[in-house]
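Participant: For reference, the file upload_33.pdb (PDB, C-alpha atoms, pLDDT in the B column) is included below:
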```
ATOM      1  CA  GLY Q  20     131.070  85.595 106.759  1.00 59.00           C
ATOM      2  CA  GLN Q  21     133.418  84.673 109.557  1.00 69.00           C
ATOM      3  CA  ASN Q  22     135.073  86.743 112.294  1.00 88.00           C
ATOM      4  CA  ILE Q  23     137.649  85.077 114.513  1.00 94.00           C
ATOM      5  CA  ASP Q  24     139.444  86.679 117.465  1.00 96.00           C
ATOM      6  CA  GLN Q  25     142.371  85.411 119.502  1.00 97.00           C
ATOM      7  CA  PRO Q  26     144.986  87.237 121.603  1.00 97.00           C
ATOM      8  CA  THR Q  27     148.071  88.401 119.764  1.00 96.00           C
ATOM      9  CA  GLU Q  28     150.700  87.233 122.210  1.00 96.00           C
ATOM     10  CA  MET Q  29     151.086  85.331 125.493  1.00 97.00           C
ATOM     11  CA  THR Q  30     154.088  84.600 127.683  1.00 97.00           C
ATOM     12  CA  ALA Q  31     154.421  81.670 130.077  1.00 96.00           C
ATOM     13  CA  THR Q  32     157.062  79.832 132.055  1.00 97.00           C
ATOM     14  CA  GLU Q  33     158.454  76.396 131.238  1.00 97.00           C
ATOM     15  CA  GLY Q  34     156.432  73.705 133.058  1.00 97.00           C
ATOM     16  CA  ALA Q  35     153.375  75.939 133.452  1.00 97.00           C
ATOM     17  CA  ILE Q  36     149.962  75.874 131.747  1.00 97.00           C
ATOM     18  CA  VAL Q  37     148.714  78.348 129.136  1.00 97.00           C
ATOM     19  CA  GLN Q  38     145.181  78.746 127.797  1.00 98.00           C
ATOM     20  CA  ILE Q  39     144.657  80.365 124.400  1.00 98.00           C
ATOM     21  CA  ASN Q  40     141.123  81.596 123.796  1.00 98.00           C
ATOM     22  CA  CYS Q  41     139.394  81.892 120.441  1.00 98.00           C
ATOM     23  CA  THR Q  42     136.003  83.472 119.839  1.00 97.00           C
ATOM     24  CA  TYR Q  43     134.199  83.317 116.546  1.00 95.00           C
ATOM     25  CA  GLN Q  44     131.114  84.587 114.753  1.00 92.00           C
ATOM     26  CA  THR Q  45     130.053  82.551 111.778  1.00 83.00           C
ATOM     27  CA  SER Q  46     127.153  82.191 109.395  1.00 79.00           C
ATOM     28  CA  GLY Q  47     127.516  78.437 109.376  1.00 83.00           C
ATOM     29  CA  PHE Q  48     129.726  76.437 111.747  1.00 87.00           C
ATOM     30  CA  ASN Q  49     131.121  73.063 110.784  1.00 88.00           C
ATOM     31  CA  GLY Q  50     134.123  72.527 113.033  1.00 92.00           C
ATOM     32  CA  LEU Q  51     137.019  74.339 114.676  1.00 95.00           C
ATOM     33  CA  PHE Q  52     140.690  73.530 114.196  1.00 96.00           C
ATOM     34  CA  TRP Q  53     143.865  74.431 116.052  1.00 97.00           C
ATOM     35  CA  TYR Q  54     147.211  74.510 114.281  1.00 97.00           C
ATOM     36  CA  GLN Q  55     150.742  75.118 115.591  1.00 97.00           C
ATOM     37  CA  GLN Q  56     153.148  77.141 113.484  1.00 95.00           C
ATOM     38  CA  HIS Q  57     156.813  77.629 114.298  1.00 95.00           C
ATOM     39  CA  ALA Q  58     158.403  80.754 112.827  1.00 90.00           C
ATOM     40  CA  GLY Q  59     158.979  80.416 109.091  1.00 88.00           C
ATOM     41  CA  GLU Q  60     157.437  76.962 108.919  1.00 92.00           C
ATOM     42  CA  ALA Q  61     154.139  75.450 107.800  1.00 91.00           C
ATOM     43  CA  PRO Q  62     151.227  75.070 110.218  1.00 94.00           C
ATOM     44  CA  THR Q  63     150.806  71.587 111.677  1.00 96.00           C
ATOM     45  CA  PHE Q  64     147.453  70.189 112.799  1.00 96.00           C
ATOM     46  CA  LEU Q  65     146.868  69.937 116.545  1.00 96.00           C
ATOM     47  CA  SER Q  66     143.182  69.337 117.184  1.00 96.00           C
ATOM     48  CA  TYR Q  67     139.655  69.412 115.825  1.00 94.00           C
ATOM     49  CA  ASN Q  68     136.346  70.033 117.626  1.00 95.00           C
ATOM     50  CA  VAL Q  69     132.903  69.853 116.077  1.00 93.00           C
ATOM     51  CA  LEU Q  70     130.828  68.928 119.150  1.00 95.00           C
ATOM     52  CA  ASP Q  71     130.780  70.729 122.494  1.00 96.00           C
ATOM     53  CA  GLY Q  72     133.250  69.589 125.090  1.00 97.00           C
ATOM     54  CA  LEU Q  73     136.900  68.829 125.681  1.00 96.00           C
ATOM     55  CA  GLU Q  74     139.214  66.877 123.411  1.00 94.00           C
ATOM     56  CA  GLU Q  75     142.443  65.764 125.074  1.00 94.00           C
ATOM     57  CA  LYS Q  76     145.569  64.740 123.219  1.00 90.00           C
ATOM     58  CA  GLY Q  77     148.600  64.345 125.449  1.00 94.00           C
ATOM     59  CA  ARG Q  78     149.772  67.727 126.777  1.00 96.00           C
ATOM     60  CA  PHE Q  79     147.322  69.555 124.521  1.00 96.00           C
ATOM     61  CA  SER Q  80     143.551  69.865 125.019  1.00 97.00           C
ATOM     62  CA  SER Q  81     140.941  71.793 123.083  1.00 98.00           C
ATOM     63  CA  PHE Q  82     137.494  72.865 124.241  1.00 98.00           C
ATOM     64  CA  LEU Q  83     134.474  74.024 122.264  1.00 98.00           C
ATOM     65  CA  SER Q  84     131.196  75.733 123.170  1.00 97.00           C
ATOM     66  CA  ARG Q  85     129.120  76.249 120.040  1.00 95.00           C
ATOM     67  CA  SER Q  86     126.409  78.231 121.833  1.00 94.00           C
ATOM     68  CA  LYS Q  87     129.017  80.749 123.022  1.00 95.00           C
ATOM     69  CA  GLY Q  88     131.106  80.759 119.839  1.00 95.00           C
ATOM     70  CA  TYR Q  89     134.121  79.975 121.980  1.00 96.00           C
ATOM     71  CA  SER Q  90     137.060  77.607 122.010  1.00 98.00           C
ATOM     72  CA  TYR Q  91     140.287  77.342 123.915  1.00 98.00           C
ATOM     73  CA  LEU Q  92     143.534  75.448 123.465  1.00 98.00           C
ATOM     74  CA  LEU Q  93     145.208  74.354 126.693  1.00 98.00           C
ATOM     75  CA  LEU Q  94     148.914  73.621 126.716  1.00 97.00           C
ATOM     76  CA  LYS Q  95     150.138  71.806 129.830  1.00 97.00           C
ATOM     77  CA  GLU Q  96     153.654  71.162 131.144  1.00 97.00           C
ATOM     78  CA  LEU Q  97     155.018  73.777 128.783  1.00 97.00           C
ATOM     79  CA  GLN Q  98     158.317  73.053 127.056  1.00 97.00           C
ATOM     80  CA  MET Q  99     160.648  75.481 125.304  1.00 97.00           C
ATOM     81  CA  LYS Q 100     159.754  73.867 121.963  1.00 97.00           C
ATOM     82  CA  ASP Q 101     156.139  74.973 122.482  1.00 98.00           C
ATOM     83  CA  SER Q 102     157.187  78.540 121.658  1.00 98.00           C
ATOM     84  CA  ALA Q 103     155.247  79.074 118.435  1.00 97.00           C
ATOM     85  CA  SER Q 104     152.137  80.683 117.001  1.00 96.00           C
ATOM     86  CA  TYR Q 105     148.820  78.917 117.525  1.00 97.00           C
ATOM     87  CA  LEU Q 106     146.172  79.409 114.872  1.00 97.00           C
ATOM     88  CA  CYS Q 107     142.446  78.985 115.428  1.00 97.00           C
ATOM     89  CA  ALA Q 108     140.464  78.199 112.266  1.00 95.00           C
ATOM     90  CA  VAL Q 109     136.739  77.739 111.708  1.00 94.00           C
ATOM     91  CA  ARG Q 110     135.239  75.654 108.926  1.00 91.00           C
ATOM     92  CA  ASP Q 111     132.339  77.236 107.125  1.00 82.00           C
ATOM     93  CA  GLY Q 112     129.475  74.792 106.738  1.00 75.00           C
ATOM     94  CA  ALA Q 113     127.413  77.241 104.724  1.00 69.00           C
ATOM     95  CA  SER Q 114     129.676  77.071 101.676  1.00 66.00           C
ATOM     96  CA  ALA Q 115     131.141  74.245  99.646  1.00 64.00           C
ATOM     97  CA  GLY Q 116     134.795  73.310  99.654  1.00 67.00           C
ATOM     98  CA  ASN Q 117     135.747  72.719 103.285  1.00 72.00           C
ATOM     99  CA  LYS Q 118     136.848  76.356 103.526  1.00 85.00           C
ATOM    100  CA  LEU Q 119     138.715  77.415 106.642  1.00 90.00           C
ATOM    101  CA  THR Q 120     138.874  80.952 107.994  1.00 91.00           C
ATOM    102  CA  PHE Q 121     141.871  81.599 110.233  1.00 94.00           C
ATOM    103  CA  GLY Q 122     142.294  83.936 113.146  1.00 95.00           C
ATOM    104  CA  GLY Q 123     145.402  86.105 113.305  1.00 94.00           C
ATOM    105  CA  GLY Q 124     147.259  83.608 115.504  1.00 95.00           C
ATOM    106  CA  THR Q 125     148.525  83.792 119.085  1.00 97.00           C
ATOM    107  CA  ARG Q 126     152.283  83.890 119.552  1.00 96.00           C
ATOM    108  CA  VAL Q 127     153.274  81.981 122.693  1.00 97.00           C
ATOM    109  CA  LEU Q 128     156.683  82.634 124.211  1.00 97.00           C
ATOM    110  CA  VAL Q 129     157.878  80.068 126.746  1.00 97.00           C
ATOM    111  CA  LYS Q 130     160.530  81.366 129.135  1.00 97.00           C
ATOM    112  CA  PRO Q 131     162.893  79.235 131.249  1.00 95.00           C
TER     113      PRO Q 131
ATOM    114  CA  ASP K   2     156.745  59.119 101.857  1.00 62.00           C
ATOM    115  CA  GLY K   3     153.431  60.861 101.260  1.00 68.00           C
ATOM    116  CA  GLY K   4     153.292  64.612 101.533  1.00 93.00           C
ATOM    117  CA  ILE K   5     152.893  68.025  99.992  1.00 95.00           C
ATOM    118  CA  THR K   6     155.845  69.563  98.170  1.00 96.00           C
ATOM    119  CA  GLN K   7     156.111  73.259  97.444  1.00 96.00           C
ATOM    120  CA  SER K   8     158.814  74.779  95.282  1.00 95.00           C
ATOM    121  CA  PRO K   9     160.806  76.870  95.230  1.00 96.00           C
ATOM    122  CA  LYS K  10     161.410  77.639  98.906  1.00 95.00           C
ATOM    123  CA  TYR K  11     162.413  81.237  98.052  1.00 95.00           C
ATOM    124  CA  LEU K  12     161.386  83.231  94.980  1.00 94.00           C
ATOM    125  CA  PHE K  13     162.132  86.732  93.794  1.00 92.00           C
ATOM    126  CA  ARG K  14     159.922  88.651  91.417  1.00 90.00           C
ATOM    127  CA  LYS K  15     160.850  91.608  89.283  1.00 89.00           C
ATOM    128  CA  GLU K  16     158.320  94.351  88.718  1.00 85.00           C
ATOM    129  CA  GLY K  17     155.882  93.479  85.922  1.00 87.00           C
ATOM    130  CA  GLN K  18     156.807  89.798  85.994  1.00 92.00           C
ATOM    131  CA  ASN K  19     154.503  86.820  86.466  1.00 95.00           C
ATOM    132  CA  VAL K  20     155.845  84.018  88.675  1.00 96.00           C
ATOM    133  CA  THR K  21     154.480  80.533  89.310  1.00 97.00           C
ATOM    134  CA  LEU K  22     154.632  78.647  92.590  1.00 97.00           C
ATOM    135  CA  SER K  23     154.468  74.881  92.458  1.00 98.00           C
ATOM    136  CA  CYS K  24     152.422  72.624  94.748  1.00 98.00           C
ATOM    137  CA  GLU K  25     152.405  68.825  94.341  1.00 97.00           C
ATOM    138  CA  GLN K  26     150.819  66.212  96.618  1.00 97.00           C
ATOM    139  CA  ASN K  27     150.921  62.415  96.567  1.00 96.00           C
ATOM    140  CA  LEU K  28     148.324  61.917  99.300  1.00 95.00           C
ATOM    141  CA  ASN K  29     145.515  61.252  96.807  1.00 94.00           C
ATOM    142  CA  HIS K  30     143.649  64.232  98.264  1.00 94.00           C
ATOM    143  CA  ASP K  31     140.768  65.668  96.233  1.00 93.00           C
ATOM    144  CA  ALA K  32     140.899  69.215  97.564  1.00 94.00           C
ATOM    145  CA  MET K  33     143.779  71.681  97.377  1.00 96.00           C
ATOM    146  CA  TYR K  34     144.162  75.234  98.674  1.00 96.00           C
ATOM    147  CA  TRP K  35     146.408  78.268  98.411  1.00 98.00           C
ATOM    148  CA  TYR K  36     146.871  80.690 101.308  1.00 97.00           C
ATOM    149  CA  ARG K  37     148.824  83.866 101.766  1.00 97.00           C
ATOM    150  CA  GLN K  38     150.391  84.799 105.125  1.00 95.00           C
ATOM    151  CA  ASP K  39     151.778  88.258 105.872  1.00 93.00           C
ATOM    152  CA  PRO K  40     154.174  88.803 108.821  1.00 87.00           C
ATOM    153  CA  GLY K  41     152.447  88.373 112.183  1.00 82.00           C
ATOM    154  CA  GLN K  42     149.115  87.578 110.528  1.00 85.00           C
ATOM    155  CA  GLY K  43     146.884  84.585 110.034  1.00 88.00           C
ATOM    156  CA  LEU K  44     146.294  82.797 106.735  1.00 94.00           C
ATOM    157  CA  ARG K  45     144.048  84.198 104.012  1.00 95.00           C
ATOM    158  CA  LEU K  46     142.553  81.986 101.291  1.00 95.00           C
ATOM    159  CA  ILE K  47     143.497  82.834  97.705  1.00 97.00           C
ATOM    160  CA  TYR K  48     142.017  79.956  95.659  1.00 97.00           C
ATOM    161  CA  TYR K  49     140.799  76.439  96.281  1.00 95.00           C
ATOM    162  CA  SER K  50     139.930  73.418  94.207  1.00 95.00           C
ATOM    163  CA  GLN K  51     137.688  70.516  95.175  1.00 92.00           C
ATOM    164  CA  ILE K  52     138.212  68.384  92.069  1.00 92.00           C
ATOM    165  CA  VAL K  53     140.300  68.300  88.913  1.00 95.00           C
ATOM    166  CA  ASN K  54     139.491  70.996  86.332  1.00 95.00           C
ATOM    167  CA  ASP K  55     137.507  73.024  88.839  1.00 94.00           C
ATOM    168  CA  PHE K  56     138.533  75.816  91.220  1.00 96.00           C
ATOM    169  CA  GLN K  57     136.962  78.730  93.100  1.00 95.00           C
ATOM    170  CA  LYS K  58     138.149  82.117  94.253  1.00 95.00           C
ATOM    171  CA  GLY K  59     138.880  82.609  97.904  1.00 94.00           C
ATOM    172  CA  ASP K  60     138.885  85.864  99.830  1.00 92.00           C
ATOM    173  CA  ILE K  61     141.856  87.538  98.089  1.00 96.00           C
ATOM    174  CA  ALA K  62     141.979  86.128  94.536  1.00 97.00           C
ATOM    175  CA  GLU K  63     142.711  89.391  92.713  1.00 96.00           C
ATOM    176  CA  GLY K  64     146.126  89.347  91.037  1.00 96.00           C
ATOM    177  CA  TYR K  65     146.432  85.549  91.228  1.00 97.00           C
ATOM    178  CA  SER K  66     145.531  82.662  88.933  1.00 98.00           C
ATOM    179  CA  VAL K  67     145.514  78.861  89.310  1.00 98.00           C
ATOM    180  CA  SER K  68     144.967  75.689  87.321  1.00 97.00           C
ATOM    181  CA  ARG K  69     144.040  72.138  88.325  1.00 97.00           C
ATOM    182  CA  GLU K  70     144.783  69.915  85.345  1.00 97.00           C
ATOM    183  CA  LYS K  71     145.948  66.991  87.469  1.00 97.00           C
ATOM    184  CA  LYS K  72     144.783  65.773  90.871  1.00 96.00           C
ATOM    185  CA  GLU K  73     148.340  65.958  92.221  1.00 97.00           C
ATOM    186  CA  SER K  74     149.161  69.492  91.120  1.00 98.00           C
ATOM    187  CA  PHE K  75     147.763  72.969  91.895  1.00 98.00           C
ATOM    188  CA  PRO K  76     150.167  75.686  90.697  1.00 98.00           C
ATOM    189  CA  LEU K  77     149.635  79.329  91.672  1.00 98.00           C
ATOM    190  CA  THR K  78     150.648  82.199  89.388  1.00 97.00           C
ATOM    191  CA  VAL K  79     151.260  85.573  90.970  1.00 96.00           C
ATOM    192  CA  THR K  80     150.588  88.018  88.156  1.00 95.00           C
ATOM    193  CA  SER K  81     151.900  91.534  87.608  1.00 91.00           C
ATOM    194  CA  ALA K  82     148.456  92.769  88.662  1.00 90.00           C
ATOM    195  CA  GLN K  83     149.257  91.765  92.247  1.00 91.00           C
ATOM    196  CA  LYS K  84     150.864  94.976  93.481  1.00 88.00           C
ATOM    197  CA  ASN K  85     151.925  93.732  96.891  1.00 92.00           C
ATOM    198  CA  PRO K  86     153.050  90.123  96.379  1.00 94.00           C
ATOM    199  CA  THR K  87     155.655  89.886  99.148  1.00 95.00           C
ATOM    200  CA  ALA K  88     154.379  87.210 101.521  1.00 96.00           C
ATOM    201  CA  PHE K  89     154.680  83.602 102.648  1.00 96.00           C
ATOM    202  CA  TYR K  90     152.557  81.353 100.403  1.00 97.00           C
ATOM    203  CA  LEU K  91     151.212  78.075 101.758  1.00 97.00           C
ATOM    204  CA  CYS K  92     149.590  75.245  99.858  1.00 98.00           C
ATOM    205  CA  ALA K  93     147.358  72.722 101.613  1.00 96.00           C
ATOM    206  CA  SER K  94     145.413  69.623 100.668  1.00 96.00           C
ATOM    207  CA  SER K  95     142.707  67.491 102.212  1.00 93.00           C
ATOM    208  CA  LEU K  96     140.290  64.694 101.630  1.00 89.00           C
ATOM    209  CA  THR K  97     136.868  66.246 101.128  1.00 77.00           C
ATOM    210  CA  GLY K  98     135.585  67.503 104.465  1.00 74.00           C
ATOM    211  CA  ASP K  99     138.707  66.491 106.370  1.00 82.00           C
ATOM    212  CA  ILE K 100     141.797  68.051 107.962  1.00 91.00           C
ATOM    213  CA  GLN K 101     143.953  70.281 105.787  1.00 94.00           C
ATOM    214  CA  TYR K 102     147.663  69.476 105.668  1.00 95.00           C
ATOM    215  CA  PHE K 103     150.219  72.060 104.630  1.00 96.00           C
ATOM    216  CA  GLY K 104     153.353  72.163 102.522  1.00 96.00           C
ATOM    217  CA  ALA K 105     156.528  73.887 103.737  1.00 94.00           C
ATOM    218  CA  GLY K 106     155.711  77.157 101.960  1.00 96.00           C
ATOM    219  CA  THR K 107     157.290  79.520  99.444  1.00 97.00           C
ATOM    220  CA  ARG K 108     158.595  82.902 100.521  1.00 96.00           C
ATOM    221  CA  LEU K 109     158.116  85.444  97.709  1.00 95.00           C
ATOM    222  CA  SER K 110     159.939  88.773  97.658  1.00 94.00           C
ATOM    223  CA  VAL K 111     160.003  91.625  95.174  1.00 88.00           C
ATOM    224  CA  LEU K 112     163.317  92.838  93.722  1.00 83.00           C
TER     225      LEU K 112
END
```
Represent the structure contained in this file as structure tokens.

Facilitator:
Amino acid sequence: GQNIDQPTEMTATEGAIVQINCTYQTSGFNGLFWYQQHAGEAPTFLSYNVLDGLEEKGRFSSFLSRSKGYSYLLLKELQMKDSASYLCAVRDGASAGNKLTFGGGTRVLVKP
Amino acid sequence: DGGITQSPKYLFRKEGQNVTLSCEQNLNHDAMYWYRQDPGQGLRLIYYSQIVNDFQKGDIAEGYSVSREKKESFPLTVTSAQKNPTAFYLCASSLTGDIQYFGAGTRLSVL
């Protein structure tokens, strides 16, 4: 089975940097995804890591350490529109079907 | 434009009633998924399907049923056996082994 932990809520100031951590325990790891979800809307894909290291995509970066069961999502130059929930999801390589298990999400509030 | 369409956006269920949520995709994706999201929570997998005419239970399948008669369509029925159906329901699709993309969701409430 899978167990995924991420903080419930974080607050940051516009223009600052925020790091959202995600730790996981899994029977078979086959990739980690980050999604952004604005209130009442569908999640949208942000990033995907399957190998150790940092993936950078504009203001957003995601890091993975498979040996530590750890990932983080880094949001730089925060904007008000970044206020949303950020979902960490792990793909289970031990079962068929590309199944994802999601953490509870981290709600980020960006203040002026 | 390609995408995933869920309907209706809002749905109300009376006690003892079965209701069906629609999910259609024109992305030519093989795999489709149904998730449930409760307020302030992450997503939990209800059912998934990798190919037409085949589907598997997810983590919380009790009280739900699905069908996959066409590649484009994966409807979810919330049966009267589901005693706590109020939630936000999300459908997703993907190419096999690839990123999952989500529809806009259906918000189900009980009258």

Participant: Please enumerate the residues selected by the PyMOL selection byres ((chain K) within 7 of (chain Q)) when evaluated against the supplied file, formatted as an NGL selection string.

Facilitator: :K and (42-44 or 51 or 97-98 or 103-106)

Participant: With the PyMOL selection byres ((chain K and resi 55) around 12) as the selection, what would be picked from this file? Answer as an MDAnalysis selection string, please.

Facilitator: (chainID Q and resid 116) or (chainID K and resid 31:33 48:54 56:58 67:72 75)

Participant: Set the distance at 8 Å and use all atoms listed in the file: which residues neighbour Thr32 (chain Q) once local chain neighbours fewer than 6 positions away are removed? I'd like the list as a list in words.

Facilitator: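 Surrounding residues, per the criterion: Leu97, Val129, Lys130 and Pro131 of chain Q.
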
Participant: Convert the output of the PyMOL selection byres ((chain Q and resi 33) around 10) on the shown file into explicit residues, formatted as a VMD selection string.

Facilitator: chain Q and resid 30 to 32 34 to 36 95 to 102 128 to 131

Participant: Would you work out the distance separating CA of Asn27 (chain K) from CA of Asp99 (chain K), expressed in Å to one decimal?

Facilitator: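 We find that CA of Asn27 (chain K) and CA of Asp99 (chain K) lie 16.2 Å from each other.
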
Participant: Can you tell me, as a list in words, what residues are no more than 10 Å from Ala88 (chain K) when counting all atoms listed in the file, ignoring any on the same chain fewer than 2 positions away?

Facilitator: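 What passes the distance filter is Tyr36, Arg37, Gln38, Asp39, Pro40, Asn85, Pro86, Tyr90, Leu91, Thr107, Arg108, Leu109, Ser110 and Val111 of chain K.
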
Participant: In terms of the shortest atom-to-atom distance over all atoms listed in the file, which of Q:Met29, Q:Gly72, Q:Arg85, Q:Phe79 is closest to Gln55 (chain Q)?

Facilitator: Q:Phe79

Participant: Excluding Ala62 (chain K) and residues on its chain fewer than 2 positions from it, collect all residues at most 9 Å away from it, counting all atoms listed in the file, and give them as a list in words.

Facilitator: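 Counting all atoms listed in the file, the residues come to Leu46, Ile47, Tyr48, Lys58, Gly59, Asp60, Gly64, Tyr65 and Ser66 of chain K.
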
Participant: Restricting the output to C-alpha atoms, write the selected residues as a PDB file, in the coordinates of the input.

Facilitator:
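Now in selection_2.pdb:
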```pdb
ATOM      1  CA  LEU K  46     142.553  81.986 101.291  1.00 95.00           C
ATOM      2  CA  ILE K  47     143.497  82.834  97.705  1.00 97.00           C
ATOM      3  CA  TYR K  48     142.017  79.956  95.659  1.00 97.00           C
ATOM      4  CA  LYS K  58     138.149  82.117  94.253  1.00 95.00           C
ATOM      5  CA  GLY K  59     138.880  82.609  97.904  1.00 94.00           C
ATOM      6  CA  ASP K  60     138.885  85.864  99.830  1.00 92.00           C
ATOM      7  CA  GLY K  64     146.126  89.347  91.037  1.00 96.00           C
ATOM      8  CA  TYR K  65     146.432  85.549  91.228  1.00 97.00           C
ATOM      9  CA  SER K  66     145.531  82.662  88.933  1.00 98.00           C
TER      10      SER K  66
END
```

Participant: Which is closer to Leu73 (chain Q) than all the others in Q:Gln56, Q:Glu28, Q:Tyr91, Q:Val37, using only C-alpha atoms?

Facilitator: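 Of Q:Gln56, Q:Glu28, Q:Tyr91, Q:Val37, the one nearest Leu73 (chain Q), counting only C-alpha atoms, is Q:Tyr91.
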
Participant: The residues within 9 Å of (151.3, 91.0, 87.2), using all atoms listed in the file and the coordinates of the file, should be reported as number ranges by chain; which are they?

Facilitator: K: 16-20, 64-65, 79-84

Participant: Would you pick out the contacts of Asp24 (chain Q) at 7 Å or less, using all atoms listed in the file, so that residues sharing its chain but fewer than 2 positions from it are not included, and give the list as a PDB file with C-alpha atoms, in the frame of the given file?

Facilitator:
```pdb
ATOM      1  CA  ASN Q  22     135.073  86.743 112.294  1.00 88.00           C
ATOM      2  CA  PRO Q  26     144.986  87.237 121.603  1.00 97.00           C
ATOM      3  CA  CYS Q  41     139.394  81.892 120.441  1.00 98.00           C
ATOM      4  CA  THR Q  42     136.003  83.472 119.839  1.00 97.00           C
ATOM      5  CA  TYR Q  43     134.199  83.317 116.546  1.00 95.00           C
ATOM      6  CA  GLY Q 122     142.294  83.936 113.146  1.00 95.00           C
TER       7      GLY Q 122
END
```

Participant: How many Å separate CA of Thr78 (chain K) from CA of Val109 (chain Q)?

Facilitator: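 Going from CA of Thr78 (chain K) over to CA of Val109 (chain Q), I get 26.7 Å.
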
Participant: As a count of residues only, please: the residues near Ser81 (chain Q) (cut-off 10 Å, all atoms listed in the file, same-chain neighbours under 3 positions excluded).

Facilitator: 20

Participant: Rounded to one decimal in Å, what is the spacing between CA of Ala93 (chain K) and CA of Gln7 (chain K)?

Facilitator: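 Answer for the CA of Ala93 (chain K) to CA of Gln7 (chain K) separation: 9.7 Å.
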
Participant: Determine the nearest neighbour of Ala103 (chain Q) from the options K:Glu63, K:Glu73, K:Lys15, K:Gly41, counting all atoms listed in the file.

Facilitator: K:Gly41

Participant: Which is closer to Arg45 (chain K) than all the others in K:Leu96, K:Leu12, K:Ile5, K:Ile61, using only C-alpha atoms?

Facilitator: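 Under the stated criterion, the closest residue is K:Ile61.
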
Participant: Generate N, CA, C and O atoms for region 53-66 of chain Q and emit them as an mmCIF file, keeping the file's coordinate frame.

Facilitator:
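Result file follows (selection-v7.cif):
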```cif
data_model
loop_
_atom_site.group_PDB
_atom_site.id
_atom_site.type_symbol
_atom_site.label_atom_id
_atom_site.label_comp_id
_atom_site.auth_asym_id
_atom_site.auth_seq_id
_atom_site.Cartn_x
_atom_site.Cartn_y
_atom_site.Cartn_z
ATOM 1 N N TRP Q 53 142.688 73.747 115.520
ATOM 2 C CA TRP Q 53 143.865 74.431 116.052
ATOM 3 C C TRP Q 53 145.097 73.894 115.345
ATOM 4 O O TRP Q 53 145.275 72.685 115.185
ATOM 5 N N TYR Q 54 145.941 74.844 114.914
ATOM 6 C CA TYR Q 54 147.211 74.510 114.281
ATOM 7 C C TYR Q 54 148.346 75.178 115.059
ATOM 8 O O TYR Q 54 148.173 76.264 115.618
ATOM 9 N N GLN Q 55 149.519 74.534 115.036
ATOM 10 C CA GLN Q 55 150.742 75.118 115.591
ATOM 11 C C GLN Q 55 151.646 75.521 114.439
ATOM 12 O O GLN Q 55 151.788 74.768 113.470
ATOM 13 N N GLN Q 56 152.236 76.699 114.535
ATOM 14 C CA GLN Q 56 153.148 77.141 113.484
ATOM 15 C C GLN Q 56 154.405 77.736 114.100
ATOM 16 O O GLN Q 56 154.351 78.799 114.738
ATOM 17 N N HIS Q 57 155.530 77.048 113.899
ATOM 18 C CA HIS Q 57 156.813 77.629 114.298
ATOM 19 C C HIS Q 57 157.231 78.653 113.254
ATOM 20 O O HIS Q 57 156.864 78.563 112.080
ATOM 21 N N ALA Q 58 158.022 79.634 113.687
ATOM 22 C CA ALA Q 58 158.403 80.754 112.827
ATOM 23 C C ALA Q 58 159.003 80.267 111.509
ATOM 24 O O ALA Q 58 159.945 79.465 111.501
ATOM 25 N N GLY Q 59 158.451 80.742 110.407
ATOM 26 C CA GLY Q 59 158.979 80.416 109.091
ATOM 27 C C GLY Q 59 158.633 79.036 108.582
ATOM 28 O O GLY Q 59 159.129 78.625 107.527
ATOM 29 N N GLU Q 60 157.786 78.319 109.329
ATOM 30 C CA GLU Q 60 157.437 76.962 108.919
ATOM 31 C C GLU Q 60 155.950 76.854 108.601
ATOM 32 O O GLU Q 60 155.177 77.786 108.808
ATOM 33 N N ALA Q 61 155.551 75.690 108.107
ATOM 34 C CA ALA Q 61 154.139 75.450 107.800
ATOM 35 C C ALA Q 61 153.356 75.149 109.072
ATOM 36 O O ALA Q 61 153.903 74.608 110.037
ATOM 37 N N PRO Q 62 152.075 75.476 109.092
ATOM 38 C CA PRO Q 62 151.227 75.070 110.218
ATOM 39 C C PRO Q 62 151.095 73.550 110.268
ATOM 40 O O PRO Q 62 151.017 72.886 109.232
ATOM 41 N N THR Q 63 151.059 73.019 111.501
ATOM 42 C CA THR Q 63 150.806 71.587 111.677
ATOM 43 C C THR Q 63 149.542 71.417 112.515
ATOM 44 O O THR Q 63 149.312 72.147 113.476
ATOM 45 N N PHE Q 64 148.742 70.431 112.158
ATOM 46 C CA PHE Q 64 147.453 70.189 112.799
ATOM 47 C C PHE Q 64 147.634 69.737 114.230
ATOM 48 O O PHE Q 64 148.459 68.873 114.525
ATOM 49 N N LEU Q 65 146.845 70.343 115.140
ATOM 50 C CA LEU Q 65 146.868 69.937 116.545
ATOM 51 C C LEU Q 65 145.571 69.251 116.953
ATOM 52 O O LEU Q 65 145.600 68.191 117.578
ATOM 53 N N SER Q 66 144.433 69.895 116.672
ATOM 54 C CA SER Q 66 143.182 69.337 117.184
ATOM 55 C C SER Q 66 141.999 69.837 116.369
ATOM 56 O O SER Q 66 142.090 70.828 115.636
#
```
